[in-house]
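S.K.: One structure, as structure tokens, below. Some questions next.
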Amino acid sequence: MMCAVGMAAVGPVNAPSPLGDYVAGRVKAALDEAEGGDFKKGRGEMEQVMGVMAVYGGEKDGEAFRQAAYARRLLGGMEKMKPVEERKTLLGYLRGHEEVGRQIAFALEPGEDAKDAYGMLGRLVREREAEVERLPNLAAAIAIVHKKPLVQQINENKVRAADPVALFDYYAANETKMEFGIKGMPVDLLVYVVDTTSSIAELNWALKNYARNRNVGELFFNIKYDYNAYTMNRPKEVTKQGFTLPNILKYGGVCADQAYFATEVAKAIGVPSAYTQASSAEVAHAWVGFLQSTGKRVRWNFDSGRYDAYRNVRGNLMEPQSREMVPDSYLSLLADAMTTDEAAREKAAGYTDAALLLLENPNSVAVPAELAEASLTARDRTAQGALDLIEMGLKQSAGYAPGWLAVGQLGESGKMTLEQKKKWADLVQKMCGRNYPDFALAIDEPMIQTVEDVGVQSKLWDAVYGGLAGRPDLAARVRIREGEMWEKGGNLMRAGQMYMDVIQKYVNVTPEALPAVRKAEGVLKQMGRESQVLALYKQAATAVMKPNTDMAGEFLKQSNWYKLRVAYAKKLEEAGKESEARAVMPVVEGETGHP
């Protein structure tokens, strides 16, 4: 289901544009220059073309933005590729097989060091040309993810990806057996399939045993927990026997191994998946996120395969392209790519590229000689001009995540006015808040926090909070941010009300329960009400529910129940009530004394 509420889709516009012919001619000239050996000149040509589009392009110029963005991304990404002759050969091939070039160019960001990705694509073309032309998106995904050796550290075990060509062969040969297929999957999602570190033998084993499994998250619980390794500090049996998928199933492991198993099986059967880790330093846990189809809706599921105590813990995962850790919320909108038009997404990319260039280059752009007689109106090279371009792009494809992220970065940088922030905070919620609340909050949060007027900021937080009835974990996060705002502004009473709202309503669903209690404690102390602190901790410790009793000790100790009772016991000790403290202190099986 697309996030498309509140912004009318414009679709293809057939009205002729003077910029269309201009871009087509300049793109050909730039590619000719590059293929002839002068990549620098060709790339510079495309920078000028995109600059013209940024200043003079409008809503009817979607195809021109798309073409300009493609050539600019392609030449920028290939410019540093070595050796030079191999680069020229690949460019010549891509000009004759544009679909292959588009798949990789639009998956790589402008300015990204992509020489190794194009080098890997060149290898795939040389060794598997016919299959690359049949599955250009697969070739692009393999090239992007495996441009350098892919290695993962799963606790004490190190796993290394198979040879990229062998991986390409595996997915190409089993294309019809993949749960979501391969041919129609956008590269943005396909990278979360091909970023596997299992051997080809393991992939074949997983495909044989789990093909067409629509709920791979539950495989997490198919792996028995190795209590001996945890409670007795013994080496895990799976590590001794060899860290493979069949052995994990046979011998079990800890949460990292459970998550790895489910994630890798998903990739083996063609389901985009992500090995996800708790984002809080106080919480050590891993689980699986995966793409799931329910009726006509496709969404990322980060809830299946998690213990209840971690149901609402926000996670981080490795983004396969950059190999950097990103919040799991950023993946949610990617599901939209499965149901949106590829050309529309590429147009959205073109508008967003132009918007970012507009901000990066403050120099004025003259009307090209070819367009001297055209009636072109220049836009201001300001944040508003960039926002206008981004909005045009999102009208083409409302699920284009980089466009929304660009808005969030603009807001966080302080370049947006209050009215602009109000407008875009509202748009984010209207367009993405219902279906992708994690992503919407990730965009809104830094933007709202930069609003200086606390009254206005409070109204913005309240508007976001009102749309989070179905996500109490996110509602709690908003209340804490609003409390921090009031505390910073000196209104301790309002700040305390926000923190208490979290304690009274969300103590069982938010990972920030203990921080909320501590923030409320700080407010009480600032107000000279130290005598109420003990009652505050008692209220929180009494309200929190104990997790399932058969939960492993390491997970029980990281639950709100455990943390709040420990915190309350310590407050009782400080008050000289040691017998009451002992009665409150939680006990974990296998441990003695205080934790």
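Labeling convention for the structure tokens: chains A, B, ... as they appear, residues from 1 per chain, ligands from 1 in order of appearance.
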I'd like to know which residues of region 7-215 of chain A are strand (DSSP E or B) (by DSSP, run on the backbone); could you write them as number ranges by chain?

M.R.: A: 151-154, 157-160

S.K.: Please list as a PyMOL selection string every residue within 9 Å of Ser199 (chain A), counting only C-alpha atoms and excluding residues in the same chain fewer than 5 positions away.

M.R.: chain A and resi 160-163+167+204+244

S.K.: What does the file look like for those residues with N, CA, C and O atoms, as an mmCIF file, in the first residue's frame?

M.R.:
```cif
data_model
loop_
_atom_site.group_PDB
_atom_site.id
_atom_site.type_symbol
_atom_site.label_atom_id
_atom_site.label_comp_id
_atom_site.auth_asym_id
_atom_site.auth_seq_id
_atom_site.Cartn_x
_atom_site.Cartn_y
_atom_site.Cartn_z
ATOM 1 N N ARG A 160 31.660 -15.516 5.813
ATOM 2 C CA ARG A 160 32.101 -14.795 4.606
ATOM 3 C C ARG A 160 31.234 -15.198 3.417
ATOM 4 O O ARG A 160 30.932 -16.376 3.235
ATOM 5 N N ALA A 161 30.847 -14.224 2.625
ATOM 6 C CA ALA A 161 29.987 -14.478 1.475
ATOM 7 C C ALA A 161 30.698 -15.312 0.416
ATOM 8 O O ALA A 161 31.925 -15.289 0.290
ATOM 9 N N ALA A 162 29.910 -16.036 -0.361
ATOM 10 C CA ALA A 162 30.432 -16.818 -1.474
ATOM 11 C C ALA A 162 30.896 -15.890 -2.596
ATOM 12 O O ALA A 162 30.654 -14.666 -2.567
ATOM 13 N N ASP A 163 31.542 -16.451 -3.594
ATOM 14 C CA ASP A 163 31.980 -15.663 -4.752
ATOM 15 C C ASP A 163 30.769 -15.008 -5.413
ATOM 16 O O ASP A 163 29.727 -15.649 -5.593
ATOM 17 N N LEU A 167 27.040 -16.563 -6.487
ATOM 18 C CA LEU A 167 25.773 -16.086 -5.923
ATOM 19 C C LEU A 167 24.816 -15.677 -7.042
ATOM 20 O O LEU A 167 23.617 -15.977 -6.987
ATOM 21 N N ASN A 204 21.350 -23.789 -0.926
ATOM 22 C CA ASN A 204 20.580 -24.869 -1.539
ATOM 23 C C ASN A 204 19.858 -25.701 -0.483
ATOM 24 O O ASN A 204 18.706 -26.121 -0.683
ATOM 25 N N THR A 244 27.243 -23.383 10.546
ATOM 26 C CA THR A 244 26.495 -23.470 9.294
ATOM 27 C C THR A 244 25.006 -23.481 9.620
ATOM 28 O O THR A 244 24.618 -23.744 10.766
#
```

S.K.: For the structure I just gave you, how does DSSP split region 150-361 of chain A - specifically, which residues are alpha helix (DSSP H)? Reply as a VMD selection string.

M.R.: chain A and resid 164 to 173 187 to 194 200 to 210 227 to 231 237 to 241 245 to 251 255 to 268 329 to 332 342 to 360

S.K.: Between A:Ala117, A:Thr340, A:Leu90, A:Thr382, which one has atoms that come closest to Leu357 (chain A), using only C-alpha atoms?

M.R.: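 Among the listed residues, A:Thr382 lies closest to Leu357 (chain A).
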
S.K.: Could you check which of A:His146, A:Gln384, A:Leu564, A:Ile443 is closest to Ser322 (chain A), using only C-alpha atoms?

M.R.: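 Among the listed residues, A:His146 lies closest to Ser322 (chain A).
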
S.K.: Find the residues near Pro110 (chain A): any atom within 8 Å, counting only C-alpha atoms, skip ones fewer than 2 places away on the same chain, and give them as a PyMOL selection string.

M.R.: chain A and resi 72-73+76-77+108+112+353

S.K.: Suppose you want the space between CA of Ala29 (chain A) and CA of Glu346 (chain A); what is it in Å?

M.R.: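 One can read the CA of Ala29 (chain A) to CA of Glu346 (chain A) distance as 21.4 Å.
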
S.K.: Using only C-alpha atoms, I'd like a table of the residues in region 383-421 of chain A that come within 9 Å of region 428-432 of chain A; for each, show the closest atom pair and its distance in Å rounded to one decimal, ordered by chain and ascending number, as a Markdown table.

M.R.:
```
| residue | atom | partner | partner_atom | distance |
| --- | --- | --- | --- | --- |
| A:Ala398 | CA | A:Met431 | CA | 7.6 |
| A:Gly399 | CA | A:Cys432 | CA | 8.3 |
| A:Trp404 | CA | A:Val428 | CA | 7.8 |
```

S.K.: Go ahead and write the selection's residues with N, CA, C and O atoms as a PDB file, in the first residue's frame.

M.R.:
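As a result, part09.pdb now contains:
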```pdb
ATOM      1  N   ALA A 398       5.483   8.819  -4.253  1.00  0.00           N
ATOM      2  CA  ALA A 398       5.395   9.238  -2.849  1.00  0.00           C
ATOM      3  C   ALA A 398       6.214   8.367  -1.918  1.00  0.00           C
ATOM      4  O   ALA A 398       6.518   8.766  -0.801  1.00  0.00           O
ATOM      5  N   GLY A 399       6.592   7.166  -2.358  1.00  0.00           N
ATOM      6  CA  GLY A 399       7.369   6.276  -1.513  1.00  0.00           C
ATOM      7  C   GLY A 399       8.861   6.370  -1.734  1.00  0.00           C
ATOM      8  O   GLY A 399       9.598   5.493  -1.282  1.00  0.00           O
ATOM      9  N   TRP A 404      12.183  12.057   1.146  1.00  0.00           N
ATOM     10  CA  TRP A 404      11.781  12.376   2.521  1.00  0.00           C
ATOM     11  C   TRP A 404      12.994  12.596   3.424  1.00  0.00           C
ATOM     12  O   TRP A 404      13.000  13.503   4.269  1.00  0.00           O
TER      13      TRP A 404
END
```
